[in-house]
file structure.txt (compact mmCIF, C-alpha atoms)
# COMPACT_ATOMS: atom_id res chain seq x y z
CA MET A 110 -68.74 -21.90 -24.08
CA THR A 111 -67.94 -19.87 -20.98
CA ALA A 112 -69.85 -16.66 -20.33
CA VAL A 113 -66.68 -14.58 -20.59
CA GLU A 114 -64.32 -16.04 -23.15
CA SER A 115 -60.61 -15.67 -22.57
CA PRO A 116 -58.90 -13.37 -25.07
CA ALA A 117 -56.05 -15.89 -25.05
CA ARG A 118 -57.32 -18.14 -27.78
CA ALA A 119 -56.34 -20.37 -30.65
CA TRP A 120 -58.58 -19.59 -33.62
CA PRO A 121 -59.44 -22.41 -36.02
CA THR A 122 -58.73 -22.02 -39.71
CA ALA A 123 -59.98 -23.74 -42.85
CA ALA A 124 -57.50 -26.56 -42.19
CA PRO A 125 -58.27 -28.75 -39.14
CA GLY A 126 -55.51 -28.65 -36.55
CA ILE A 127 -54.05 -25.44 -37.98
CA ALA A 128 -54.71 -22.51 -35.66
CA LEU A 129 -54.12 -18.81 -35.42
CA THR A 130 -53.35 -17.48 -31.98
CA THR A 131 -54.18 -14.18 -30.37
CA GLY A 132 -51.62 -11.78 -28.97
CA GLU A 133 -52.73 -12.73 -25.46
CA PHE A 134 -52.10 -16.40 -26.28
CA GLU A 135 -48.65 -15.54 -27.58
CA GLN A 136 -47.89 -13.73 -24.33
CA ILE A 137 -48.65 -16.95 -22.47
CA VAL A 138 -46.35 -18.89 -24.79
CA ALA A 139 -43.59 -16.32 -24.30
CA GLY A 140 -44.03 -16.58 -20.53
CA LEU A 141 -43.81 -20.36 -20.69
CA ARG A 142 -40.64 -20.10 -22.74
CA ARG A 143 -39.07 -17.87 -20.08
CA GLN A 144 -40.08 -20.30 -17.34
CA ILE A 145 -38.66 -23.29 -19.21
CA ASP A 146 -35.44 -21.38 -19.74
CA ALA A 147 -35.35 -20.61 -16.01
CA LEU A 148 -35.93 -24.29 -15.21
CA SER A 149 -32.95 -25.21 -17.39
CA SER A 150 -30.69 -22.33 -16.40
CA GLY A 151 -28.29 -24.66 -14.59
CA GLU A 152 -27.97 -27.06 -17.50
CA GLY A 153 -25.24 -25.22 -19.35
CA ALA A 154 -27.11 -25.95 -22.54
CA THR A 155 -26.34 -24.43 -25.90
CA THR A 156 -29.51 -22.81 -27.27
CA VAL A 157 -30.41 -23.24 -30.92
CA GLY A 158 -33.18 -21.79 -33.03
CA ALA A 159 -34.50 -24.09 -35.73
CA PRO A 160 -36.66 -23.69 -38.84
CA PRO A 161 -39.94 -25.49 -39.57
CA VAL A 162 -38.29 -27.59 -42.27
CA ILE A 163 -35.41 -30.04 -42.11
CA ALA A 164 -33.31 -31.99 -44.61
CA ARG A 165 -35.31 -34.98 -45.87
CA GLU A 166 -32.15 -37.09 -45.70
CA THR A 167 -31.91 -36.47 -41.93
CA ILE A 168 -35.45 -37.70 -41.33
CA GLU A 169 -34.97 -40.70 -43.61
CA ARG A 170 -31.71 -41.57 -41.88
CA ALA A 171 -33.28 -41.24 -38.43
CA GLY A 172 -35.89 -43.88 -39.31
CA TYR A 173 -38.82 -41.48 -38.97
CA VAL A 174 -40.14 -42.19 -42.47
CA ARG A 175 -40.05 -45.93 -41.84
CA GLU A 176 -42.04 -45.77 -38.61
CA PHE A 177 -44.24 -42.66 -39.01
CA PRO A 178 -44.96 -42.21 -42.74
CA ASN A 179 -48.53 -41.22 -41.97
CA LEU A 180 -47.48 -38.29 -39.76
CA LEU A 181 -44.68 -36.86 -41.86
CA GLY A 182 -45.42 -33.70 -43.79
CA THR A 183 -43.45 -33.58 -47.03
CA VAL A 184 -42.61 -30.53 -49.13
CA HIS A 185 -43.33 -30.74 -52.83
CA THR A 186 -42.87 -28.24 -55.63
CA TYR A 187 -43.38 -27.93 -59.36
CA PRO A 188 -40.25 -29.03 -61.25
CA GLY A 189 -41.48 -28.35 -64.78
CA ASP A 190 -40.84 -25.45 -67.12
CA GLU A 191 -43.05 -22.54 -68.05
CA ALA A 192 -44.30 -24.18 -71.24
CA ALA A 193 -45.50 -27.27 -69.40
CA TRP A 194 -47.15 -25.08 -66.77
CA LEU A 195 -49.43 -23.65 -69.43
CA GLU A 196 -51.31 -26.96 -69.41
CA LEU A 197 -51.67 -27.05 -65.61
CA ARG A 198 -52.26 -23.34 -65.03
CA PRO A 199 -56.01 -23.46 -65.71
CA HIS A 200 -56.32 -26.06 -62.95
CA ALA A 201 -54.77 -23.76 -60.32
CA THR A 202 -58.12 -23.19 -58.66
CA PRO A 203 -59.55 -24.40 -55.35
CA SER A 204 -59.67 -28.21 -55.52
CA GLY A 205 -58.15 -28.09 -59.00
CA ASP A 206 -55.72 -30.74 -60.18
CA TRP A 207 -52.79 -28.29 -60.49
CA HIS A 208 -50.55 -30.47 -58.31
CA ARG A 209 -50.39 -33.66 -60.34
CA GLU A 210 -46.81 -32.96 -61.44
CA GLN A 211 -45.55 -31.90 -58.01
CA ARG A 212 -42.39 -33.70 -56.88
CA ILE A 213 -40.90 -34.18 -53.46
CA THR A 214 -38.08 -31.80 -52.50
CA ASP A 215 -34.97 -32.19 -50.36
CA VAL A 216 -36.74 -30.88 -47.23
CA VAL A 217 -39.65 -32.11 -45.12
CA LEU A 218 -41.58 -30.42 -42.32
CA THR A 219 -39.83 -30.78 -38.98
CA PRO A 220 -41.58 -33.58 -37.04
CA ALA A 221 -39.75 -32.94 -33.73
CA ALA A 222 -37.31 -30.22 -32.73
CA CYS A 223 -34.52 -32.54 -31.60
CA TYR A 224 -34.00 -33.97 -35.10
CA HIS A 225 -32.19 -30.73 -35.91
CA ILE A 226 -29.52 -31.51 -33.31
CA TYR A 227 -28.14 -34.94 -34.14
CA PRO A 228 -26.74 -34.13 -37.61
CA ARG A 229 -24.81 -31.22 -36.09
CA LEU A 230 -22.99 -33.70 -33.85
CA ALA A 231 -22.59 -36.41 -36.49
CA GLY A 232 -19.17 -38.00 -36.56
CA THR A 233 -18.07 -36.50 -33.25
CA ARG A 234 -16.64 -38.13 -30.15
CA LEU A 235 -18.03 -36.48 -27.02
CA ALA A 236 -15.44 -35.59 -24.40
CA GLN A 237 -18.29 -34.73 -22.06
CA ALA A 238 -22.07 -34.81 -22.03
CA GLN A 239 -23.73 -32.37 -24.41
CA ARG A 240 -26.91 -30.46 -23.64
CA ILE A 241 -28.75 -28.46 -26.23
CA ALA A 242 -31.97 -26.46 -26.06
CA VAL A 243 -33.88 -26.15 -29.32
CA GLU A 244 -37.29 -24.86 -30.37
CA SER A 245 -38.94 -25.44 -33.70
CA TRP A 246 -42.29 -25.24 -35.38
CA CYS A 247 -43.24 -28.85 -35.95
CA TYR A 248 -45.79 -30.56 -38.15
CA ARG A 249 -47.54 -33.90 -37.77
CA HIS A 250 -50.32 -34.93 -40.09
CA GLU A 251 -52.69 -35.90 -37.29
CA ALA A 252 -55.96 -37.49 -38.31
CA THR A 253 -58.05 -35.86 -35.61
CA GLY A 254 -58.90 -32.29 -34.79
CA GLU A 255 -59.73 -32.67 -31.11
CA PRO A 256 -58.78 -29.82 -28.75
CA GLY A 257 -55.04 -29.57 -28.29
CA ARG A 258 -54.21 -31.87 -31.21
CA LEU A 259 -52.72 -29.29 -33.53
CA ARG A 260 -50.95 -30.37 -36.68
CA SER A 261 -48.62 -27.36 -36.62
CA PHE A 262 -47.22 -26.45 -33.24
CA ARG A 263 -44.13 -25.28 -31.41
CA MET A 264 -41.97 -27.77 -29.58
CA ARG A 265 -39.23 -26.69 -27.20
CA GLU A 266 -36.78 -29.41 -26.28
CA LEU A 267 -33.80 -30.04 -24.10
CA VAL A 268 -31.54 -32.76 -25.46
CA HIS A 269 -28.89 -34.60 -23.47
CA LEU A 270 -26.24 -36.79 -25.06
CA GLY A 271 -23.86 -38.84 -22.96
CA ALA A 272 -23.41 -42.17 -21.21
CA PRO A 273 -26.42 -44.46 -20.65
CA ALA A 274 -26.68 -43.96 -16.89
CA ASP A 275 -26.33 -40.18 -17.27
CA CYS A 276 -29.16 -40.13 -19.79
CA THR A 277 -31.61 -42.09 -17.66
CA ALA A 278 -30.77 -40.08 -14.55
CA TRP A 279 -31.15 -36.83 -16.50
CA ARG A 280 -34.43 -37.96 -18.04
CA ASP A 281 -35.88 -38.94 -14.65
CA GLN A 282 -34.71 -35.70 -13.07
CA TRP A 283 -36.50 -33.74 -15.80
CA ARG A 284 -39.63 -35.88 -15.47
CA ASP A 285 -39.87 -34.81 -11.81
CA ARG A 286 -38.90 -31.23 -12.56
CA VAL A 287 -41.55 -30.79 -15.26
CA GLU A 288 -44.19 -32.55 -13.18
CA ASN A 289 -43.57 -30.17 -10.28
CA TRP A 290 -43.50 -27.17 -12.61
CA LEU A 291 -46.84 -28.04 -14.25
CA ALA A 292 -48.43 -28.73 -10.87
CA GLY A 293 -47.10 -25.38 -9.67
CA LEU A 294 -48.88 -23.72 -12.60
CA GLY A 295 -52.13 -25.10 -11.20
CA LEU A 296 -52.50 -27.97 -13.67
CA ASP A 297 -53.73 -31.46 -12.78
CA VAL A 298 -50.70 -33.34 -14.05
CA ARG A 299 -50.19 -37.10 -14.39
CA VAL A 300 -47.08 -38.95 -15.50
CA GLU A 301 -47.85 -41.90 -17.75
CA VAL A 302 -45.74 -44.53 -19.48
CA ALA A 303 -46.40 -43.96 -23.17
CA THR A 304 -45.42 -45.10 -26.64
CA ASP A 305 -44.84 -43.34 -29.91
CA PRO A 306 -47.56 -43.71 -32.56
CA PHE A 307 -45.66 -46.23 -34.67
CA PHE A 308 -47.28 -47.12 -37.98
CA GLY A 309 -47.31 -50.39 -39.84
CA PRO A 310 -46.90 -54.10 -39.11
CA GLY A 311 -43.96 -53.61 -36.75
CA ALA A 312 -45.85 -51.13 -34.59
CA ARG A 313 -47.05 -53.74 -32.06
CA LEU A 314 -43.51 -54.95 -31.39
CA LEU A 315 -42.03 -51.44 -31.22
CA ARG A 316 -44.75 -50.23 -28.84
CA ALA A 317 -44.35 -53.27 -26.61
CA ARG A 318 -40.57 -52.85 -26.44
CA GLN A 319 -40.82 -49.12 -25.78
CA ARG A 320 -43.33 -49.69 -23.01
CA ALA A 321 -41.41 -52.57 -21.43
CA GLN A 322 -38.24 -50.47 -21.26
CA VAL A 323 -40.12 -47.35 -20.06
CA LEU A 324 -38.46 -45.23 -22.72
CA LYS A 325 -41.22 -42.65 -23.05
CA LEU A 326 -42.99 -40.81 -20.25
CA GLU A 327 -45.75 -38.35 -21.01
CA LEU A 328 -47.05 -35.64 -18.72
CA THR A 329 -50.75 -35.21 -19.35
CA VAL A 330 -53.09 -32.46 -18.20
CA PRO A 331 -56.69 -31.52 -19.05
CA VAL A 332 -56.89 -29.28 -22.14
CA ALA A 333 -60.69 -29.39 -22.44
CA ASP A 334 -63.59 -30.79 -20.46
CA GLY A 335 -63.06 -34.54 -20.13
CA LEU A 336 -59.95 -34.53 -22.33
CA ARG A 337 -56.36 -34.95 -21.22
CA GLN A 338 -53.48 -34.44 -23.62
CA ALA A 339 -49.74 -34.89 -23.26
CA VAL A 340 -48.21 -31.43 -22.90
CA ALA A 341 -44.66 -32.60 -22.26
CA SER A 342 -42.63 -35.78 -22.45
CA ALA A 343 -39.40 -37.16 -21.05
CA ASN A 344 -37.74 -39.65 -23.38
CA TYR A 345 -34.75 -41.96 -23.42
CA HIS A 346 -33.63 -42.98 -26.92
CA LYS A 347 -30.85 -45.34 -25.84
CA GLU A 348 -28.17 -45.53 -28.56
CA HIS A 349 -30.63 -44.98 -31.43
CA PHE A 350 -29.43 -41.56 -32.57
CA GLY A 351 -25.83 -42.09 -31.46
CA GLU A 352 -25.53 -45.12 -33.74
CA ILE A 353 -27.34 -43.60 -36.70
CA PHE A 354 -25.42 -40.33 -36.63
CA ASP A 355 -22.10 -41.79 -35.48
CA ILE A 356 -21.93 -39.81 -32.24
CA SER A 357 -19.71 -41.62 -29.79
CA LEU A 358 -18.42 -41.43 -26.25
CA GLU A 359 -14.71 -41.26 -25.45
CA SER A 360 -14.81 -45.03 -25.00
CA GLY A 361 -15.82 -45.37 -28.62
CA GLU A 362 -19.26 -46.69 -27.67
CA PRO A 363 -22.26 -44.94 -29.25
CA ALA A 364 -23.53 -41.97 -27.26
CA HIS A 365 -26.97 -42.40 -25.74
CA SER A 366 -29.50 -39.59 -25.78
CA ALA A 367 -32.52 -38.36 -23.90
CA CYS A 368 -34.81 -35.39 -24.34
CA THR A 369 -37.48 -33.42 -22.58
CA ALA A 370 -40.07 -31.93 -24.90
CA PHE A 371 -42.63 -29.22 -24.24
CA GLY A 372 -45.68 -28.66 -26.43
CA MET A 373 -45.97 -24.90 -26.13
CA GLU A 374 -49.49 -24.48 -27.50
CA ARG A 375 -50.84 -27.39 -25.49
CA ILE A 376 -49.49 -26.06 -22.21
CA ALA A 377 -50.97 -22.64 -23.02
CA LEU A 378 -54.33 -24.22 -23.92
CA ALA A 379 -54.29 -26.17 -20.67
CA LEU A 380 -53.63 -22.99 -18.68
CA VAL A 381 -56.50 -21.21 -20.44
CA HIS A 382 -58.80 -24.19 -19.83
CA ALA A 383 -57.85 -24.27 -16.14
CA GLY A 384 -58.35 -20.51 -15.83
CA ARG A 385 -54.71 -20.16 -14.80
CA ALA A 386 -53.56 -18.07 -17.75
CA MET B 59 -29.46 -82.25 -33.71
CA ASP B 60 -33.22 -82.21 -34.29
CA LYS B 61 -34.50 -78.72 -34.64
CA PRO B 62 -37.49 -77.75 -32.51
CA TRP B 63 -38.79 -75.56 -35.36
CA ASP B 64 -39.59 -76.00 -39.03
CA ASP B 65 -37.45 -75.17 -42.05
CA ASP B 66 -39.27 -71.89 -42.78
CA PHE B 67 -38.52 -70.56 -39.32
CA ASP B 68 -34.93 -71.74 -39.57
CA ALA B 69 -34.42 -69.94 -42.88
CA MET B 70 -36.06 -66.71 -41.75
CA LEU B 71 -34.07 -66.64 -38.55
CA ARG B 72 -30.76 -67.33 -40.26
CA GLU B 73 -31.40 -64.47 -42.64
CA ALA B 74 -32.21 -62.11 -39.76
CA LEU B 75 -29.17 -63.08 -37.68
CA ARG B 76 -26.65 -61.30 -39.87
CA LEU B 77 -23.66 -62.16 -37.67
CA LEU B 78 -24.39 -65.89 -37.73
CA GLY B 79 -22.25 -67.76 -40.21
CA PRO B 80 -23.78 -70.37 -42.55
CA GLN B 81 -21.99 -73.16 -40.70
CA ASP B 82 -22.82 -71.83 -37.23
CA GLU B 83 -25.30 -73.85 -35.25
CA LEU B 84 -28.65 -72.27 -34.61
CA HIS B 85 -29.57 -73.51 -31.17
CA PRO B 86 -32.62 -72.53 -29.10
CA ASP B 87 -30.75 -70.52 -26.47
CA LEU B 88 -28.54 -68.54 -28.85
CA ASN B 89 -28.25 -64.87 -27.88
CA ALA B 90 -30.11 -63.32 -30.82
CA ALA B 91 -28.90 -59.77 -30.17
CA ALA B 92 -25.27 -60.92 -30.14
CA ALA B 93 -25.94 -62.73 -33.41
CA GLY B 94 -27.04 -59.48 -35.04
CA LEU B 95 -30.76 -59.21 -34.37
CA ASP B 96 -31.25 -55.48 -33.72
CA SER B 97 -34.65 -53.83 -33.40
CA LEU B 98 -34.91 -53.11 -37.11
CA ALA B 99 -34.13 -56.73 -37.98
CA ALA B 100 -36.62 -57.91 -35.35
CA VAL B 101 -39.39 -55.90 -37.00
CA GLU B 102 -38.51 -57.31 -40.43
CA LEU B 103 -38.43 -60.83 -38.97
CA LEU B 104 -41.80 -60.34 -37.31
CA ILE B 105 -43.34 -59.21 -40.59
CA ARG B 106 -42.00 -62.30 -42.39
CA ILE B 107 -43.07 -64.69 -39.63
CA GLU B 108 -46.62 -63.32 -39.52
CA SER B 109 -46.89 -63.48 -43.29
CA THR B 110 -45.48 -67.01 -43.51
CA TYR B 111 -47.68 -68.52 -40.80
CA HIS B 112 -50.71 -66.30 -41.44
CA ILE B 113 -50.83 -65.12 -37.85
CA SER B 114 -50.91 -61.81 -36.02
CA ILE B 115 -49.17 -61.85 -32.67
CA PRO B 116 -51.13 -59.70 -30.19
CA GLU B 117 -49.21 -56.74 -28.78
CA GLU B 118 -49.71 -57.93 -25.21
CA ARG B 119 -47.85 -61.16 -26.02
CA PHE B 120 -44.58 -59.34 -26.70
CA ASP B 121 -42.05 -58.70 -23.98
CA LEU B 122 -38.32 -58.04 -23.87
CA GLU B 123 -37.64 -61.79 -24.01
CA SER B 124 -39.75 -62.48 -27.12
CA PHE B 125 -36.89 -62.03 -29.57
CA SER B 126 -34.05 -62.75 -27.14
CA THR B 127 -33.41 -66.33 -28.35
CA PRO B 128 -34.65 -68.55 -31.18
CA GLY B 129 -36.27 -70.79 -28.60
CA ALA B 130 -38.23 -67.96 -26.98
CA LEU B 131 -39.42 -66.68 -30.35
CA TRP B 132 -40.45 -70.13 -31.57
CA LYS B 133 -42.34 -70.70 -28.33
CA LEU B 134 -44.26 -67.45 -28.89
CA VAL B 135 -44.96 -68.21 -32.55
CA SER B 136 -46.06 -71.77 -31.73
CA SER B 137 -48.43 -70.66 -29.01
CA VAL B 138 -50.10 -68.11 -31.28
CA ARG B 139 -50.36 -70.66 -34.11
CA HIS B 140 -51.81 -73.20 -31.68
CA ALA B 141 -54.35 -70.66 -30.39
CA ASN B 142 -55.39 -69.88 -33.98
CA ALA B 143 -55.68 -73.55 -34.99
call {"tool": "encode", "arguments": {"input": "structure.txt", "output": "structure tokens"}}
result
Amino acid sequence: MTAVESPARAWPTAAPGIALTTGEFEQIVAGLRRQIDALSSGEGATTVGAPPVIARETIERAGYVREFPNLLGTVHTYPGDEAAWLELRPHATPSGDWHREQRITDVVLTPAACYHIYPRLAGTRLAQAQRIAVESWCYRHEATGEPGRLRSFRMRELVHLGAPADCTAWRDQWRDRVENWLAGLGLDVRVEVATDPFFGPGARLLRARQRAQVLKLELTVPVADGLRQAVASANYHKEHFGEIFDISLESGEPAHSACTAFGMERIALALVHAGRA
Amino acid sequence: MDKPWDDDFDAMLREALRLLGPQDELHPDLNAAAAGLDSLAAVELLIRIESTYHISIPEERFDLESFSTPGALWKLVSSVRHANA
């Protein structure tokens, strides 16, 4: 622990990876948001606010459940009547078995902000490239509680939908732009070819294909002594979302998509760690 | 034509190549993507192959060509089976 602790802090709670943040920390996040908006001011993007939950059908349709079942946070509730609750009510204590009748609902916790965007464009034919900025509280049921690996966090994203070459050029432009921005904040940034944390027997193939096609680039910085974490990423999804959500180009071909994602808490933590907050 | 692979592989591949007709020839240099093998089908095929032959193909053995043709995939599967023998 440093002799003088920064007032900009994330406080741990009883749940690992779930943090409270101080007002000073929130000021850093707000400042980052303004800077990201300034970086994207020439994009002509439509800005969207998004909730921390999303239709379960959207996430199922997008293939997230199939590939990341271990990270998805589901929302359950009690579907029974008052009479049946009388039996469970005595168990509604810490560690009690009150939840044995809980059933999954029609919403899940948002795993990534951009999932809110594709259903809005479903069934459309794009006359020109679309750019959308979206921020959402996200949840991923991470197994570890190392610094910077929050389970509940804010993700700000810029999404680009258009032709394949446009998407890759846009993605690479944003990779450079974010790298320069993070370096300008005084952070020791590296760009690394990465993969998503696929789960299950197909994970090896999906990771290998993603890596071979350089679809995911992560920008990592130190968030604690000896620990680097990805604070932003630049991703190219190819036609994945265009096909699933029937978003097409004027040619009739599926639209391709790319996104740039910012982990707001992680960038703030990195700034605090570097003494640049 | 003699097939370079066994009947199990032939059956699994035909099921995965959803655009290949039952009478269509399954030759080693067939374009698997054009025959309907998308990434989802490739994952399902991999799971079946590994279960059938009791193998686990190491991640570093996959590349973009691994599932490009029946011949390339059989070559990969054969080499892993041979290494495990």
call {"tool": "closest_residue", "arguments": {"input": "structure.txt", "among": "B:Leu71, B:Val101, B:Ile107, B:Leu134", "to": "B:Leu88", "atoms": "all atoms listed in the file"}}
result
B:Leu71
call {"tool": "atom_distance", "arguments": {"input": "structure.txt", "atom1": "atom CA of B:Val138", "atom2": "atom CA of B:Glu108"}}
result
10.1 Å
call {"tool": "residues_around", "arguments": {"input": "structure.txt", "residues": "B:Pro80", "least_positions_apart": "5", "cutoff": "12 Å", "atoms": "all atoms listed in the file", "output": "PDB file with C-alpha atoms, in the coordinates of the input"}}
result
ATOM      1  CA  ASP B  68     -34.930 -71.740 -39.570  1.00  0.00           C
ATOM      2  CA  ALA B  69     -34.420 -69.940 -42.880  1.00  0.00           C
ATOM      3  CA  LEU B  71     -34.070 -66.640 -38.550  1.00  0.00           C
ATOM      4  CA  ARG B  72     -30.760 -67.330 -40.260  1.00  0.00           C
ATOM      5  CA  GLU B  73     -31.400 -64.470 -42.640  1.00  0.00           C
ATOM      6  CA  LEU B  75     -29.170 -63.080 -37.680  1.00  0.00           C
TER       7      LEU B  75
END
call {"tool": "residues_around", "arguments": {"input": "structure.txt", "residues": "A:Leu296", "least_positions_apart": "6", "cutoff": "12 Å", "atoms": "only C-alpha atoms", "output": "list of chain:residue names"}}
result
A:Val287, A:Glu288, A:Asn289, A:Trp290, A:Leu328, A:Thr329, A:Val330, A:Pro331, A:Val332, A:Arg337, A:Gln338, A:Val340, A:Arg375, A:Ile376, A:Ala377, A:Leu378, A:Ala379, A:Leu380, A:Val381, A:His382, A:Ala383, A:Gly384, A:Arg385, A:Ala386
call {"tool": "interface_residues", "arguments": {"input": "structure.txt", "of": "chain A", "to": "chain B", "cutoff": "9 Å", "atoms": "all atoms listed in the file", "output": "list in words"}}
result
Pro310, Gly311, Ala312, Arg313, Leu314, Leu315, Arg316, Ala317, Arg318, Ala321 and Gln322 of chain A
call {"tool": "residues_around", "arguments": {"input": "structure.txt", "residues": "A:Leu270", "least_positions_apart": "4", "cutoff": "8 Å", "atoms": "only C-alpha atoms", "output": "list in words"}}
result
Ala238, Gln239, Arg240, Cys276, Ala364, His365, Ser366 and Ala367 of chain A
call {"tool": "closest_residue", "arguments": {"input": "structure.txt", "among": "A:Glu348, A:Gly309, A:Thr214, A:Asp355", "to": "A:Ala274", "atoms": "only C-alpha atoms"}}
result
A:Glu348
call {"tool": "atom_distance", "arguments": {"input": "structure.txt", "atom1": "atom CA of B:Asp65", "atom2": "atom CA of B:Thr110"}}
result
11.5 Å
call {"tool": "atom_distance", "arguments": {"input": "structure.txt", "atom1": "atom CA of A:Gly189", "atom2": "atom CA of A:Ala164"}}
result
22.1 Å
call {"tool": "residues_around", "arguments": {"input": "structure.txt", "residues": "B:Pro86", "least_positions_apart": "4", "cutoff": "8 Å", "atoms": "all atoms listed in the file", "output": "list in words"}}
result
Pro62, Thr127, Pro128, Gly129 and Ala130 of chain B
call {"tool": "closest_residue", "arguments": {"input": "structure.txt", "among": "A:Glu166, A:Asp206, A:Asp215, A:Glu327", "to": "A:Cys368", "atoms": "only C-alpha atoms"}}
result
A:Glu327
call {"tool": "decode", "arguments": {"input": "structure.txt", "residues": "stretch 191-197 of chain A", "atoms": "all heavy atoms", "output": "CSV table (one decimal), in the first residue's frame"}}
result
chain,number,residue,atom,x,y,z
A,191,GLU,N,-48.4,-16.8,-3.7
A,191,GLU,CA,-48.1,-16.4,-2.3
A,191,GLU,C,-48.2,-17.7,-1.4
A,191,GLU,O,-47.5,-17.8,-0.4
A,191,GLU,CB,-49.1,-15.4,-1.8
A,191,GLU,CG,-48.9,-14.0,-2.5
A,191,GLU,CD,-49.7,-12.9,-1.9
A,191,GLU,OE1,-50.5,-13.2,-1.0
A,191,GLU,OE2,-49.5,-11.8,-2.3
A,192,ALA,N,-49.2,-18.6,-1.7
A,192,ALA,CA,-49.4,-19.7,-0.8
A,192,ALA,C,-48.1,-20.6,-0.9
A,192,ALA,O,-47.6,-21.1,0.2
A,192,ALA,CB,-50.6,-20.5,-1.3
A,193,ALA,N,-47.6,-20.8,-2.1
A,193,ALA,CA,-46.4,-21.6,-2.2
A,193,ALA,C,-45.2,-21.0,-1.5
A,193,ALA,O,-44.3,-21.7,-1.0
A,193,ALA,CB,-46.1,-21.9,-3.7
A,194,TRP,N,-45.2,-19.7,-1.5
A,194,TRP,CA,-44.0,-18.9,-0.9
A,194,TRP,C,-44.0,-19.2,0.6
A,194,TRP,O,-42.9,-19.1,1.2
A,194,TRP,CB,-44.1,-17.4,-1.2
A,194,TRP,CG,-43.0,-16.6,-0.6
A,194,TRP,CD1,-43.1,-15.7,0.3
A,194,TRP,CD2,-41.6,-16.7,-0.9
A,194,TRP,NE1,-41.9,-15.2,0.6
A,194,TRP,CE2,-40.9,-15.8,-0.1
A,194,TRP,CE3,-40.9,-17.5,-1.8
A,194,TRP,CZ2,-39.5,-15.7,-0.2
A,194,TRP,CZ3,-39.5,-17.4,-1.8
A,194,TRP,CH2,-38.8,-16.5,-1.0
A,195,LEU,N,-45.1,-19.5,1.2
A,195,LEU,CA,-45.1,-19.7,2.6
A,195,LEU,C,-44.1,-20.8,3.0
A,195,LEU,O,-43.5,-20.8,4.1
A,195,LEU,CB,-46.5,-20.1,3.1
A,195,LEU,CG,-47.5,-19.0,3.3
A,195,LEU,CD1,-48.9,-19.6,3.7
A,195,LEU,CD2,-47.0,-18.0,4.4
A,196,GLU,N,-44.0,-21.8,2.1
A,196,GLU,CA,-43.1,-22.9,2.4
A,196,GLU,C,-41.6,-22.5,2.3
A,196,GLU,O,-40.7,-22.9,3.1
A,196,GLU,CB,-43.3,-24.1,1.4
A,196,GLU,CG,-42.5,-25.3,1.7
A,196,GLU,CD,-42.7,-26.4,0.7
A,196,GLU,OE1,-43.7,-26.4,0.0
A,196,GLU,OE2,-41.7,-27.2,0.5
A,197,LEU,N,-41.3,-21.6,1.4
A,197,LEU,CA,-39.9,-21.1,1.1
A,197,LEU,C,-39.5,-20.0,2.0
A,197,LEU,O,-38.4,-19.8,2.3
A,197,LEU,CB,-39.8,-20.7,-0.4
A,197,LEU,CG,-39.8,-21.8,-1.4
A,197,LEU,CD1,-39.8,-21.3,-2.8
A,197,LEU,CD2,-38.6,-22.7,-1.2
